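So this one's start-v7.tsv, TSV, C-alpha atoms:
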```
chain	number	residue	atom	x	y	z
A	5	MET	CA	-174.48	-62.12	42.75
A	6	GLN	CA	-173.04	-65.61	43.08
A	7	SER	CA	-169.33	-66.35	43.23
A	8	ILE	CA	-167.75	-66.92	39.82
A	9	TRP	CA	-164.61	-68.97	40.53
A	10	PRO	CA	-164.03	-71.85	38.09
A	11	CYS	CA	-165.66	-75.18	38.76
A	12	ALA	CA	-163.12	-77.72	40.02
A	13	VAL	CA	-164.96	-81.03	39.79
A	14	ARG	CA	-162.77	-84.03	39.01
A	15	ILE	CA	-164.26	-87.08	37.36
A	16	GLY	CA	-163.16	-90.54	36.29
A	17	THR	CA	-161.02	-91.61	33.37
A	18	PRO	CA	-162.61	-92.71	30.08
A	19	GLN	CA	-163.36	-96.34	29.27
A	20	LEU	CA	-161.91	-96.07	25.78
A	21	ALA	CA	-159.13	-93.90	24.39
A	22	ARG	CA	-161.09	-93.15	21.23
A	23	LEU	CA	-163.85	-91.55	23.33
A	24	LEU	CA	-161.13	-89.01	24.27
A	25	VAL	CA	-159.62	-87.94	27.54
A	26	MET	CA	-161.27	-85.77	30.15
A	27	ALA	CA	-160.40	-82.29	31.31
A	28	ASP	CA	-159.75	-81.73	35.01
A	29	ALA	CA	-162.18	-78.84	35.53
A	30	PHE	CA	-164.71	-76.65	33.79
A	31	GLU	CA	-162.41	-74.13	32.17
A	32	LEU	CA	-162.89	-72.77	28.65
A	33	ASP	CA	-160.24	-71.22	26.43
A	34	THR	CA	-162.11	-68.29	24.87
A	35	GLN	CA	-159.19	-66.86	22.89
A	36	LYS	CA	-158.43	-69.82	20.60
A	37	PRO	CA	-161.94	-70.14	19.13
A	38	TRP	CA	-162.14	-66.37	18.65
A	39	SER	CA	-158.83	-66.40	16.79
A	40	LEU	CA	-159.62	-69.46	14.68
A	41	ILE	CA	-163.18	-68.48	13.74
A	42	ASN	CA	-162.04	-65.01	12.71
A	43	GLN	CA	-159.67	-66.61	10.18
A	44	CYS	CA	-162.55	-68.45	8.52
A	45	PRO	CA	-163.57	-66.76	5.23
A	46	ALA	CA	-167.26	-67.58	5.78
A	47	TYR	CA	-167.39	-66.06	9.26
A	48	GLN	CA	-169.38	-62.90	9.95
A	49	ALA	CA	-170.57	-61.68	13.32
A	50	THR	CA	-174.32	-62.11	13.74
A	51	PRO	CA	-176.45	-59.04	14.48
A	52	LEU	CA	-177.88	-57.68	17.71
A	53	ARG	CA	-181.42	-56.43	17.12
A	54	GLU	CA	-183.34	-54.02	19.37
A	55	LEU	CA	-187.00	-54.70	20.08
A	56	THR	CA	-189.59	-53.50	22.57
A	57	THR	CA	-191.67	-56.01	24.51
A	58	PRO	CA	-195.46	-55.66	24.78
A	59	ALA	CA	-194.80	-54.36	28.31
A	60	GLY	CA	-192.66	-51.56	26.86
A	61	GLN	CA	-189.28	-52.88	28.01
A	62	GLN	CA	-186.12	-53.02	25.93
A	63	LEU	CA	-185.29	-56.43	24.49
A	64	LEU	CA	-182.04	-57.18	22.67
A	65	ILE	CA	-181.98	-60.17	20.32
A	66	LYS	CA	-178.75	-61.91	19.32
A	67	ASP	CA	-179.89	-63.35	15.99
A	68	GLU	CA	-177.95	-66.53	15.17
A	69	SER	CA	-180.43	-67.73	12.55
A	70	ALA	CA	-178.18	-67.24	9.51
A	71	LEU	CA	-174.82	-68.31	10.97
A	72	PHE	CA	-172.64	-70.00	8.33
A	73	LYS	CA	-175.87	-70.42	6.34
A	74	LEU	CA	-176.75	-73.34	8.63
A	75	GLY	CA	-179.45	-71.38	10.40
A	76	ALA	CA	-178.18	-72.12	13.91
A	77	PHE	CA	-175.57	-71.13	16.51
A	78	LYS	CA	-174.46	-74.74	16.77
A	79	ALA	CA	-172.14	-74.15	13.80
A	80	LEU	CA	-169.78	-72.33	16.14
A	81	GLY	CA	-169.42	-75.31	18.45
A	82	GLY	CA	-169.38	-78.22	16.05
A	83	ILE	CA	-167.10	-76.71	13.42
A	84	TYR	CA	-164.65	-75.42	16.01
A	85	ALA	CA	-164.56	-78.77	17.83
A	86	VAL	CA	-163.80	-80.68	14.61
A	87	ALA	CA	-161.10	-78.19	13.59
A	88	SER	CA	-159.54	-78.05	17.04
A	89	PHE	CA	-159.47	-81.82	17.45
A	90	LEU	CA	-157.84	-82.34	14.05
A	91	LEU	CA	-155.26	-79.62	14.64
A	92	GLN	CA	-154.38	-80.96	18.07
A	93	GLN	CA	-153.95	-84.51	16.73
A	94	TRP	CA	-151.88	-83.40	13.72
A	95	GLN	CA	-149.63	-81.11	15.70
A	96	ALA	CA	-149.11	-83.67	18.46
A	97	ILE	CA	-147.79	-86.05	15.80
A	98	HIS	CA	-145.58	-83.35	14.31
A	99	LYS	CA	-144.53	-81.90	17.69
A	100	LYS	CA	-145.97	-78.46	16.97
A	101	PRO	CA	-147.84	-76.90	19.92
A	102	ASP	CA	-149.74	-74.08	18.16
A	103	ILE	CA	-153.26	-75.13	17.13
A	104	ALA	CA	-154.44	-71.75	15.79
A	105	ASP	CA	-153.20	-72.21	12.21
A	106	SER	CA	-156.28	-72.07	9.99
A	107	ASN	CA	-154.19	-72.35	6.81
A	108	LEU	CA	-153.14	-75.86	7.81
A	109	LEU	CA	-156.78	-76.98	7.87
A	110	PHE	CA	-156.98	-76.62	4.09
A	111	ASP	CA	-153.53	-78.02	3.28
A	112	LYS	CA	-153.75	-81.02	0.93
A	113	ALA	CA	-151.55	-83.27	3.05
A	114	PHE	CA	-153.51	-82.35	6.18
A	115	GLN	CA	-156.86	-83.05	4.53
A	116	ASN	CA	-155.66	-86.39	3.16
A	117	TRP	CA	-154.65	-87.33	6.71
A	118	ALA	CA	-157.98	-86.04	8.14
A	119	SER	CA	-159.95	-88.39	5.88
A	120	GLN	CA	-159.26	-91.28	8.31
A	121	PHE	CA	-161.64	-89.78	10.92
A	122	THR	CA	-165.40	-90.13	11.19
A	123	PHE	CA	-167.06	-87.74	13.63
A	124	VAL	CA	-170.06	-89.35	15.28
A	125	CYS	CA	-172.79	-87.63	17.27
A	126	ALA	CA	-176.41	-87.68	18.26
A	127	SER	CA	-178.42	-84.61	17.46
A	128	ALA	CA	-181.84	-83.06	17.65
A	129	GLY	CA	-180.86	-81.28	14.43
A	130	ASN	CA	-178.49	-78.36	14.76
A	131	HIS	CA	-175.44	-79.92	16.44
A	132	GLY	CA	-175.40	-82.64	13.81
A	133	MET	CA	-175.37	-80.14	10.98
A	134	ALA	CA	-172.42	-78.29	12.51
A	135	VAL	CA	-170.46	-81.53	12.96
A	136	ALA	CA	-171.30	-82.59	9.41
A	137	MET	CA	-170.20	-79.22	8.03
A	138	GLY	CA	-166.96	-79.32	10.00
A	139	ALA	CA	-166.22	-82.82	8.74
A	140	GLN	CA	-166.98	-81.81	5.17
A	141	LEU	CA	-164.82	-78.67	5.36
A	142	PHE	CA	-161.77	-80.59	6.51
A	143	ASN	CA	-162.26	-83.79	4.44
A	144	SER	CA	-163.35	-86.05	7.27
A	145	LYS	CA	-166.57	-88.05	7.44
A	146	SER	CA	-169.59	-87.78	9.73
A	147	ARG	CA	-172.21	-90.17	11.06
A	148	ILE	CA	-175.20	-88.49	12.70
A	149	TYR	CA	-177.79	-90.28	14.85
A	150	LEU	CA	-181.29	-88.80	14.91
A	151	ALA	CA	-184.30	-89.85	16.95
A	152	GLU	CA	-187.45	-90.72	14.99
A	153	THR	CA	-189.06	-87.48	16.23
A	154	VAL	CA	-186.49	-85.18	14.57
A	155	PRO	CA	-188.02	-83.54	11.45
A	156	ASP	CA	-186.90	-85.04	8.14
A	157	SER	CA	-185.83	-81.56	6.99
A	158	PHE	CA	-182.76	-81.97	9.22
A	159	ALA	CA	-181.94	-85.38	7.75
A	160	ILE	CA	-182.12	-83.93	4.23
A	161	LYS	CA	-179.77	-81.08	5.18
A	162	LEU	CA	-177.37	-83.50	6.86
A	163	ARG	CA	-177.15	-85.73	3.79
A	164	ALA	CA	-176.52	-82.66	1.64
A	165	LEU	CA	-173.45	-82.05	3.84
A	166	GLY	CA	-172.20	-85.56	3.16
A	167	ALA	CA	-173.28	-87.08	6.48
A	168	GLN	CA	-174.42	-90.64	6.97
A	169	VAL	CA	-177.74	-90.33	8.83
A	170	VAL	CA	-178.94	-93.06	11.18
A	171	ARG	CA	-182.39	-93.01	12.77
A	172	GLU	CA	-182.37	-94.54	16.25
A	173	GLY	CA	-184.98	-94.45	19.01
A	174	GLN	CA	-187.77	-92.09	19.98
A	175	THR	CA	-185.76	-89.60	22.03
A	176	TYR	CA	-182.49	-87.69	21.92
A	177	GLU	CA	-181.23	-89.88	24.76
A	178	ASP	CA	-181.91	-93.01	22.67
A	179	SER	CA	-179.93	-91.62	19.74
A	180	MET	CA	-177.09	-90.58	22.06
A	181	GLN	CA	-176.81	-94.10	23.45
A	182	ALA	CA	-176.68	-95.48	19.90
A	183	ALA	CA	-173.92	-93.05	18.88
A	184	GLN	CA	-171.90	-93.90	21.97
A	185	ALA	CA	-172.32	-97.65	21.40
A	186	TYR	CA	-171.19	-97.28	17.79
A	187	CYS	CA	-167.95	-95.59	18.85
A	188	GLU	CA	-167.31	-98.09	21.63
A	189	ASN	CA	-167.44	-100.89	19.07
A	190	GLY	CA	-165.90	-98.98	16.16
A	191	SER	CA	-162.39	-98.18	15.01
A	192	ASP	CA	-159.84	-95.69	16.33
A	193	GLY	CA	-160.95	-93.30	13.60
A	194	ASP	CA	-164.51	-93.09	14.96
A	195	ILE	CA	-164.60	-90.00	17.16
A	196	LEU	CA	-167.58	-89.34	19.41
A	197	LEU	CA	-168.28	-85.61	19.24
A	198	ALA	CA	-171.16	-85.13	21.65
A	199	ASP	CA	-172.41	-81.79	22.90
A	200	SER	CA	-173.23	-83.36	26.25
A	201	SER	CA	-170.88	-84.74	28.90
A	202	TRP	CA	-170.78	-87.45	31.55
A	203	PRO	CA	-168.15	-88.95	33.89
A	204	GLY	CA	-165.15	-89.83	31.78
A	205	TYR	CA	-166.23	-87.88	28.71
A	206	THR	CA	-165.60	-84.14	28.79
A	207	ARG	CA	-162.87	-83.16	26.35
A	208	MET	CA	-164.98	-82.89	23.18
A	209	PRO	CA	-167.96	-81.20	24.88
A	210	LEU	CA	-165.53	-78.62	26.25
A	211	LEU	CA	-164.33	-77.89	22.70
A	212	VAL	CA	-167.94	-77.51	21.55
A	213	MET	CA	-168.63	-75.08	24.37
A	214	GLU	CA	-165.46	-73.13	23.60
A	215	GLY	CA	-166.82	-72.58	20.11
A	216	TYR	CA	-170.05	-71.19	21.56
A	217	THR	CA	-168.12	-68.50	23.44
A	218	VAL	CA	-167.55	-66.71	20.12
A	219	LEU	CA	-171.11	-65.37	20.16
A	220	ALA	CA	-170.64	-64.14	23.74
A	221	GLU	CA	-167.45	-62.34	22.71
A	222	GLU	CA	-169.29	-60.73	19.80
A	223	MET	CA	-171.87	-59.42	22.24
A	224	ARG	CA	-169.24	-58.22	24.72
A	225	ARG	CA	-167.50	-56.19	22.02
A	226	SER	CA	-170.80	-54.67	20.92
A	227	PHE	CA	-171.74	-53.70	24.48
A	228	GLU	CA	-168.27	-52.26	25.15
A	229	THR	CA	-168.91	-49.92	22.23
A	230	SER	CA	-172.56	-49.08	22.87
A	231	LYS	CA	-172.34	-49.09	26.70
A	232	ASP	CA	-175.91	-50.46	26.62
A	233	TRP	CA	-175.20	-53.53	28.75
A	234	PRO	CA	-178.13	-55.88	29.44
A	235	THR	CA	-179.41	-56.19	32.98
A	236	HIS	CA	-180.95	-59.65	32.39
A	237	VAL	CA	-179.68	-62.42	30.08
A	238	PHE	CA	-182.00	-65.30	29.19
A	239	LEU	CA	-180.19	-68.46	28.07
A	240	HIS	CA	-182.32	-71.35	26.93
A	241	ALA	CA	-181.03	-74.88	27.31
A	242	GLY	CA	-181.34	-78.42	26.04
A	243	VAL	CA	-178.39	-80.30	27.54
A	244	GLY	CA	-177.07	-76.88	28.57
A	245	GLY	CA	-173.86	-76.42	26.57
A	246	LEU	CA	-174.71	-73.04	25.07
A	247	ALA	CA	-176.07	-71.66	28.33
A	248	ALA	CA	-172.98	-72.79	30.27
A	249	ALA	CA	-170.54	-71.42	27.69
A	250	VAL	CA	-172.19	-68.02	27.48
A	251	ALA	CA	-172.63	-67.81	31.26
A	252	PHE	CA	-168.93	-68.66	31.74
A	253	HIS	CA	-167.91	-65.95	29.28
A	254	ILE	CA	-170.18	-63.38	30.92
A	255	ARG	CA	-168.85	-64.04	34.40
A	256	ARG	CA	-165.24	-63.99	33.24
A	257	HIS	CA	-165.18	-61.21	30.67
A	258	TRP	CA	-168.15	-58.82	30.78
A	259	ALA	CA	-167.50	-55.47	32.45
A	260	VAL	CA	-171.12	-55.14	33.64
A	261	GLN	CA	-172.65	-58.24	35.21
A	262	PRO	CA	-176.28	-59.10	34.42
A	263	LYS	CA	-178.69	-61.48	36.08
A	264	ILE	CA	-178.55	-64.82	34.22
A	265	ILE	CA	-181.74	-66.85	33.81
A	266	VAL	CA	-181.67	-70.39	32.36
A	267	VAL	CA	-184.80	-71.33	30.38
A	268	GLU	CA	-186.13	-74.83	29.59
A	269	PRO	CA	-189.38	-76.35	28.30
A	270	ASP	CA	-191.61	-77.51	31.12
A	271	ALA	CA	-191.65	-80.88	29.32
A	272	ALA	CA	-187.87	-81.24	29.76
A	273	PRO	CA	-186.74	-79.44	32.94
A	274	CYS	CA	-183.52	-81.40	33.53
A	275	LEU	CA	-181.41	-78.41	34.60
A	276	PHE	CA	-184.25	-76.91	36.65
A	277	GLU	CA	-184.69	-80.18	38.55
A	278	SER	CA	-180.94	-80.73	38.88
A	279	ASN	CA	-180.57	-77.27	40.41
A	280	ARG	CA	-183.56	-77.79	42.70
A	281	ARG	CA	-182.23	-81.11	43.97
A	282	GLY	CA	-178.56	-80.09	44.01
A	283	ALA	CA	-177.50	-83.06	41.87
A	284	LEU	CA	-177.61	-84.04	38.21
A	285	THR	CA	-181.14	-85.34	37.62
A	286	SER	CA	-182.84	-87.04	34.68
A	287	VAL	CA	-186.48	-86.18	34.02
A	288	LYS	CA	-189.43	-87.60	32.13
A	289	GLY	CA	-192.06	-85.73	30.17
A	290	PRO	CA	-194.02	-85.49	26.94
A	291	VAL	CA	-192.48	-84.56	23.59
A	292	SER	CA	-192.03	-80.78	23.38
A	293	SER	CA	-192.52	-78.54	20.36
A	294	MET	CA	-189.16	-77.08	21.42
A	295	GLY	CA	-187.47	-80.08	19.83
A	296	ARG	CA	-183.87	-78.90	20.06
A	297	LEU	CA	-184.40	-78.27	23.79
A	298	ASP	CA	-186.32	-81.48	24.47
A	299	CYS	CA	-183.52	-83.16	26.43
A	300	LYS	CA	-184.32	-85.16	29.53
A	301	GLU	CA	-180.69	-85.44	30.71
A	302	ALA	CA	-178.41	-82.42	31.14
A	303	SER	CA	-174.71	-82.25	30.37
A	304	MET	CA	-172.72	-82.85	33.55
A	305	LEU	CA	-170.29	-80.04	32.70
A	306	ALA	CA	-173.09	-77.62	31.87
A	307	PHE	CA	-174.86	-78.28	35.15
A	308	GLU	CA	-171.69	-77.90	37.21
A	309	ALA	CA	-171.07	-74.53	35.53
A	310	LEU	CA	-174.61	-73.21	35.62
A	311	LYS	CA	-175.23	-74.01	39.26
A	312	GLN	CA	-172.46	-71.47	39.95
A	313	TYR	CA	-172.97	-68.88	37.21
A	314	ALA	CA	-176.77	-68.74	36.78
A	315	ASP	CA	-179.08	-66.81	39.09
A	316	GLU	CA	-182.39	-68.53	38.25
A	317	PHE	CA	-183.78	-71.54	36.41
A	318	VAL	CA	-187.26	-71.31	34.88
A	319	CYS	CA	-189.53	-73.40	32.67
A	320	ILE	CA	-191.85	-72.16	29.92
A	321	THR	CA	-194.94	-73.73	28.40
A	322	GLU	CA	-195.58	-74.77	24.82
A	323	SER	CA	-198.07	-71.92	24.36
A	324	GLU	CA	-195.60	-69.35	25.70
A	325	ALA	CA	-193.01	-70.53	23.17
A	326	ALA	CA	-195.59	-70.22	20.38
A	327	GLU	CA	-196.43	-66.67	21.50
A	328	ALA	CA	-192.75	-65.75	21.38
A	329	VAL	CA	-192.47	-67.13	17.82
A	330	ALA	CA	-195.40	-64.92	16.78
A	331	MET	CA	-193.94	-61.86	18.50
A	332	LEU	CA	-190.59	-62.33	16.75
A	333	ALA	CA	-192.27	-62.95	13.39
A	334	ALA	CA	-194.08	-59.63	13.78
A	335	ASN	CA	-190.62	-58.09	14.10
A	336	SER	CA	-189.27	-59.88	10.98
A	337	ILE	CA	-187.36	-62.57	12.86
A	338	ALA	CA	-188.45	-66.03	11.71
A	339	THR	CA	-187.61	-68.79	14.17
A	340	THR	CA	-189.01	-71.88	15.88
A	341	PRO	CA	-190.28	-72.53	19.41
A	342	SER	CA	-186.78	-73.80	20.24
A	343	GLY	CA	-185.15	-70.67	18.91
A	344	ALA	CA	-187.64	-68.39	20.68
A	345	ALA	CA	-187.52	-69.98	24.13
A	346	GLY	CA	-185.42	-67.26	25.75
A	347	VAL	CA	-187.78	-64.59	24.42
A	348	ALA	CA	-190.73	-66.62	25.73
A	349	ALA	CA	-189.34	-66.36	29.26
A	350	VAL	CA	-188.99	-62.58	28.90
A	351	LEU	CA	-192.63	-62.32	27.82
A	352	ALA	CA	-193.74	-64.66	30.62
A	353	ALA	CA	-191.76	-62.84	33.31
A	354	ALA	CA	-194.82	-62.02	35.42
A	355	ARG	CA	-196.01	-65.63	35.58
A	356	LEU	CA	-192.48	-66.75	36.33
A	357	THR	CA	-192.25	-64.13	39.11
A	358	LEU	CA	-189.10	-62.69	37.58
A	359	ASP	CA	-188.27	-59.20	38.79
A	360	ILE	CA	-187.60	-57.23	35.61
A	361	PRO	CA	-187.84	-53.46	36.31
A	362	ALA	CA	-189.40	-51.14	33.76
A	363	ARG	CA	-186.01	-49.69	32.80
A	364	ALA	CA	-184.34	-53.09	32.48
A	365	THR	CA	-182.68	-54.32	29.28
A	366	SER	CA	-183.20	-58.01	28.61
A	367	LEU	CA	-181.10	-60.06	26.20
A	368	ALA	CA	-182.09	-63.33	24.53
A	369	ILE	CA	-180.48	-65.42	21.80
A	370	VAL	CA	-182.55	-66.58	18.81
A	371	THR	CA	-180.69	-69.76	18.03
A	372	GLU	CA	-182.19	-71.06	14.79
A	373	GLU	CA	-184.14	-70.09	11.71
A	374	LYS	CA	-187.62	-71.29	10.96
A	375	PHE	CA	-187.29	-74.46	8.88
A	376	GLN	CA	-189.72	-76.04	6.49
```
Kindly return the structure encoded in the file as C-alpha cells.
Amino acid sequence: MQSIWPCAVRIGTPQLARLLVMADAFELDTQKPWSLINQCPAYQATPLRELTTPAGQQLLIKDESALFKLGAFKALGGIYAVASFLLQQWQAIHKKPDIADSNLLFDKAFQNWASQFTFVCASAGNHGMAVAMGAQLFNSKSRIYLAETVPDSFAIKLRALGAQVVREGQTYEDSMQAAQAYCENGSDGDILLADSSWPGYTRMPLLVMEGYTVLAEEMRRSFETSKDWPTHVFLHAGVGGLAAAVAFHIRRHWAVQPKIIVVEPDAAPCLFESNRRGALTSVKGPVSSMGRLDCKEASMLAFEALKQYADEFVCITESEAAEAVAMLAANSIATTPSGAAGVAAVLAAARLTLDIPARATSLAIVTEEKFQ
C-alpha cells in the first residue's frame, strides 16, 4: 500500500482575480459538502447494487445514473461548487464565516445578489449540466462550451436548464480553451468553473472534487453497516476529478483499505501516461465512444493526488466498454460506455493482468444513465 499523506505541491498565482485564487495543496473538506448536500430537499443517496461477474466474482455497483434527475454523478460537484462559491462570496462581504447555511441559498435578497454571476465551463456533457442546474437553482446564469462531438441531447438538456450553449472546437480541450478565453476577456461576474486544474487555477476544481466526495461518504456509511468492504475499487477517469476525490476519501476515511485502479479509454490515456512518465502528460488519440472520458489532458490536481493514492492505472478498449454496457443492461442498469468504463476494467481483468482473487469484491461506479 502506498503512503497516503496529503499532496503538498505549490503552484503559481492566477493571472486574473476572476479566475479565482489557488489552494496551497491537494486537501479536500469532506464535511462541508456532506452537510450542505444533506440539507438539499432533492438529495437522496444513490443505491449500491450487488452483481456477479461472468467469472463468478462479487461486483458492487454504485449507481449514480438518477442523481438529482440529471442522470450523472457530476451534479454533486457542479451544484456544490456553485453553492459554495456563492456562499463564500456573500459571507465574505457580510463578515460571516459559516458557509453551510442552505437556507440562505434560497433567500430572496441572496438570489437577487447571485444574479450578477455567470458560471462558465467547458463540458463533455455532465459537468455542464450540473453547473447549469446549480446556476438555475440559485438564480445565477450559466454559459457552457461544448465541442462539436458532444451529442446534441446534452445541448438540449442544457438549454432546458437555462444555460447559454456555445459550440467550440472538435475536442474537449478546444472547448476548455474557449471557455477560459471568454472569462479572461469578460467581466468580474464571469466565473470559470472548470472541473480540471492547471498552474494558477485550482480553487474551483477543488470545490467540484469536494462535491464528489459525497458519493464516497455514502459508500463508506453503507460498508460500515454491512461490513462487506470492497477489496478492489475501479475509478474511471476523464480529467480525473472524480477518481482523485474518491481516492482521497478512501485513503482518509475508509476503515478497510482496498486496491485502487484508475481506468481510462485507450484512446485517451492521459493519466496512464502521466503516471508512467512521472509528469503531467498530454496525449493524442482517436475520438472514443467513452465521450465523457475522452480527455487528452488530465487535471493537474487529480494527477498529483492519484499518483499517491492509486495502485494501478489501466486502459480499456472500445469493445470492452461496449461489453460492459451489455452486461449492465442484462442486469437492468442502463448506461453508456463512459458510465460503464470501471465495470469494463473488472471484466477485462485477465487481459489487464490485474490480480483479482476469486473471493475478491470489486466496486465500480456507474456514472451516467443511457441517453437518447
Quick one: residues within 7 Å of segment 170-178 of chain A, only C-alpha atoms counted, chain neighbours fewer than 2 positions away excluded, as a list in words?
-> Ser127, Ala128, Ile148, Tyr149, Leu150, Ala151, Glu152, Thr153, Gln168, Met180, Gln181, Ala182 and Cys299 of chain A
Which neighbours of segment 85-98 of chain A fall inside 9 Å, counting all atoms listed in the file, when residues of the same chain fewer than 4 positions from it are skipped, and could you give them as a ChimeraX atom specification?
-> /A:37,40,80-81,102-106,108-109,114,117-118,121,123,135,138-139,142,197,208-215
Computed gap from atom CA of Ser342 of chain A to atom CA of Thr371 of chain A is 7.6 Å
Any idea what's packed within 12 Å of Ile320 of chain A, counting all atoms listed in the file, ignoring anything in its chain fewer than 5 positions away? Could you give it as a short mmCIF file (atom, residue, chain, number, x, y, z; two decimals) with C-alpha atoms, in the frame of the given file?
```cif
data_model
loop_
_atom_site.label_atom_id
_atom_site.label_comp_id
_atom_site.auth_asym_id
_atom_site.auth_seq_id
_atom_site.Cartn_x
_atom_site.Cartn_y
_atom_site.Cartn_z
CA HIS A 240 -182.32 -71.35 26.93
CA ALA A 241 -181.03 -74.88 27.31
CA VAL A 266 -181.67 -70.39 32.36
CA VAL A 267 -184.80 -71.33 30.38
CA GLU A 268 -186.13 -74.83 29.59
CA PRO A 269 -189.38 -76.35 28.30
CA ASP A 270 -191.61 -77.51 31.12
CA ALA A 271 -191.65 -80.88 29.32
CA ALA A 272 -187.87 -81.24 29.76
CA PRO A 273 -186.74 -79.44 32.94
CA PHE A 276 -184.25 -76.91 36.65
CA SER A 292 -192.03 -80.78 23.38
CA SER A 293 -192.52 -78.54 20.36
CA MET A 294 -189.16 -77.08 21.42
CA LEU A 297 -184.40 -78.27 23.79
CA ALA A 325 -193.01 -70.53 23.17
CA ALA A 326 -195.59 -70.22 20.38
CA GLU A 327 -196.43 -66.67 21.50
CA ALA A 328 -192.75 -65.75 21.38
CA PRO A 341 -190.28 -72.53 19.41
CA SER A 342 -186.78 -73.80 20.24
CA ALA A 344 -187.64 -68.39 20.68
CA ALA A 345 -187.52 -69.98 24.13
CA GLY A 346 -185.42 -67.26 25.75
CA VAL A 347 -187.78 -64.59 24.42
CA ALA A 348 -190.73 -66.62 25.73
CA ALA A 349 -189.34 -66.36 29.26
CA VAL A 350 -188.99 -62.58 28.90
CA LEU A 351 -192.63 -62.32 27.82
CA ALA A 352 -193.74 -64.66 30.62
CA ALA A 353 -191.76 -62.84 33.31
CA ALA A 354 -194.82 -62.02 35.42
CA ARG A 355 -196.01 -65.63 35.58
CA LEU A 356 -192.48 -66.75 36.33
#
```
Figure out the distance between atom CA of Ser336 of chain A and atom CA of Val250 of chain A, please, to one decimal in Å.
->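 Interatomic distance here is 25.1 Å.
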Could you give me, as a PDB file with C-alpha atoms, in the coordinates of the input, the residues that have an atom at most 8 Å away from the point (-165.0, -88.2, 17.7) in the coordinates of the file, using only C-alpha atoms?
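out.pdb, written as the output of this step:
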```pdb
ATOM      1  CA  ARG A  22    -161.090 -93.150  21.230  1.00  0.00           C
ATOM      2  CA  LEU A  23    -163.850 -91.550  23.330  1.00  0.00           C
ATOM      3  CA  LEU A  24    -161.130 -89.010  24.270  1.00  0.00           C
ATOM      4  CA  PHE A 121    -161.640 -89.780  10.920  1.00  0.00           C
ATOM      5  CA  THR A 122    -165.400 -90.130  11.190  1.00  0.00           C
ATOM      6  CA  PHE A 123    -167.060 -87.740  13.630  1.00  0.00           C
ATOM      7  CA  VAL A 124    -170.060 -89.350  15.280  1.00  0.00           C
ATOM      8  CA  CYS A 125    -172.790 -87.630  17.270  1.00  0.00           C
ATOM      9  CA  GLY A 193    -160.950 -93.300  13.600  1.00  0.00           C
ATOM     10  CA  ASP A 194    -164.510 -93.090  14.960  1.00  0.00           C
ATOM     11  CA  ILE A 195    -164.600 -90.000  17.160  1.00  0.00           C
ATOM     12  CA  LEU A 196    -167.580 -89.340  19.410  1.00  0.00           C
ATOM     13  CA  LEU A 197    -168.280 -85.610  19.240  1.00  0.00           C
ATOM     14  CA  ALA A 198    -171.160 -85.130  21.650  1.00  0.00           C
ATOM     15  CA  MET A 208    -164.980 -82.890  23.180  1.00  0.00           C
TER      16      MET A 208
END
```
Can you work out the spacing between atom CA of Ala134 of chain A and atom CA of Ser286 of chain A in Å, to one decimal?
->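 According to the coordinates, atom CA of Ala134 of chain A and atom CA of Ser286 of chain A are separated by 26.0 Å.
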From A:Leu141, A:Ala334, A:Asp315, A:Thr339, residue lying nearest Phe110 of chain A [all atoms listed in the file] =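 Of A:Leu141, A:Ala334, A:Asp315, A:Thr339, the one nearest Phe110 of chain A, counting all atoms listed in the file, is A:Leu141.
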Shell around Leu275 of chain A at 9 Å using only C-alpha atoms, local window under 2 positions removed, as a tab-separated table (two decimals) with C-alpha atoms, keeping the file's coordinate frame:
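Dumped everything to out_28.tsv:
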```tsv
chain	number	residue	atom	x	y	z
A	241	ALA	CA	-181.03	-74.88	27.31
A	242	GLY	CA	-181.34	-78.42	26.04
A	243	VAL	CA	-178.39	-80.30	27.54
A	244	GLY	CA	-177.07	-76.88	28.57
A	266	VAL	CA	-181.67	-70.39	32.36
A	267	VAL	CA	-184.80	-71.33	30.38
A	268	GLU	CA	-186.13	-74.83	29.59
A	272	ALA	CA	-187.87	-81.24	29.76
A	273	PRO	CA	-186.74	-79.44	32.94
A	277	GLU	CA	-184.69	-80.18	38.55
A	278	SER	CA	-180.94	-80.73	38.88
A	279	ASN	CA	-180.57	-77.27	40.41
A	280	ARG	CA	-183.56	-77.79	42.70
A	284	LEU	CA	-177.61	-84.04	38.21
A	285	THR	CA	-181.14	-85.34	37.62
A	286	SER	CA	-182.84	-87.04	34.68
A	300	LYS	CA	-184.32	-85.16	29.53
A	301	GLU	CA	-180.69	-85.44	30.71
A	302	ALA	CA	-178.41	-82.42	31.14
A	303	SER	CA	-174.71	-82.25	30.37
A	306	ALA	CA	-173.09	-77.62	31.87
A	307	PHE	CA	-174.86	-78.28	35.15
A	310	LEU	CA	-174.61	-73.21	35.62
A	311	LYS	CA	-175.23	-74.01	39.26
A	317	PHE	CA	-183.78	-71.54	36.41
```
Adding 3 Å on each side of the box along x, y and z that holds all listed atoms of segment 35-53 of chain A, could you give its centre and edge lengths in Å to one decimal, as AutoDock Vina command-line options?
```
--center_x -169.9 --center_y -63.3 --center_z 14.1 --size_x 29.0 --size_y 19.7 --size_z 23.7
```
With the input short on atoms, add N, CA and C atoms back to segment 218-223 of chain A and write it as a PDB file, in the coordinates of the input.
```
ATOM      1  N   VAL A 218    -167.737 -67.739  21.150  1.00  0.00           N
ATOM      2  CA  VAL A 218    -167.550 -66.710  20.120  1.00  0.00           C
ATOM      3  C   VAL A 218    -168.734 -65.743  20.104  1.00  0.00           C
ATOM      4  N   LEU A 219    -169.952 -66.274  20.209  1.00  0.00           N
ATOM      5  CA  LEU A 219    -171.110 -65.370  20.160  1.00  0.00           C
ATOM      6  C   LEU A 219    -171.158 -64.472  21.394  1.00  0.00           C
ATOM      7  N   ALA A 220    -170.688 -64.978  22.535  1.00  0.00           N
ATOM      8  CA  ALA A 220    -170.640 -64.140  23.740  1.00  0.00           C
ATOM      9  C   ALA A 220    -169.591 -63.046  23.602  1.00  0.00           C
ATOM     10  N   GLU A 221    -168.469 -63.362  22.943  1.00  0.00           N
ATOM     11  CA  GLU A 221    -167.450 -62.340  22.710  1.00  0.00           C
ATOM     12  C   GLU A 221    -167.932 -61.289  21.722  1.00  0.00           C
ATOM     13  N   GLU A 222    -168.677 -61.707  20.715  1.00  0.00           N
ATOM     14  CA  GLU A 222    -169.290 -60.730  19.800  1.00  0.00           C
ATOM     15  C   GLU A 222    -170.166 -59.755  20.565  1.00  0.00           C
ATOM     16  N   MET A 223    -170.982 -60.287  21.472  1.00  0.00           N
ATOM     17  CA  MET A 223    -171.870 -59.420  22.240  1.00  0.00           C
ATOM     18  C   MET A 223    -171.072 -58.508  23.168  1.00  0.00           C
TER      19      MET A 223
END
```
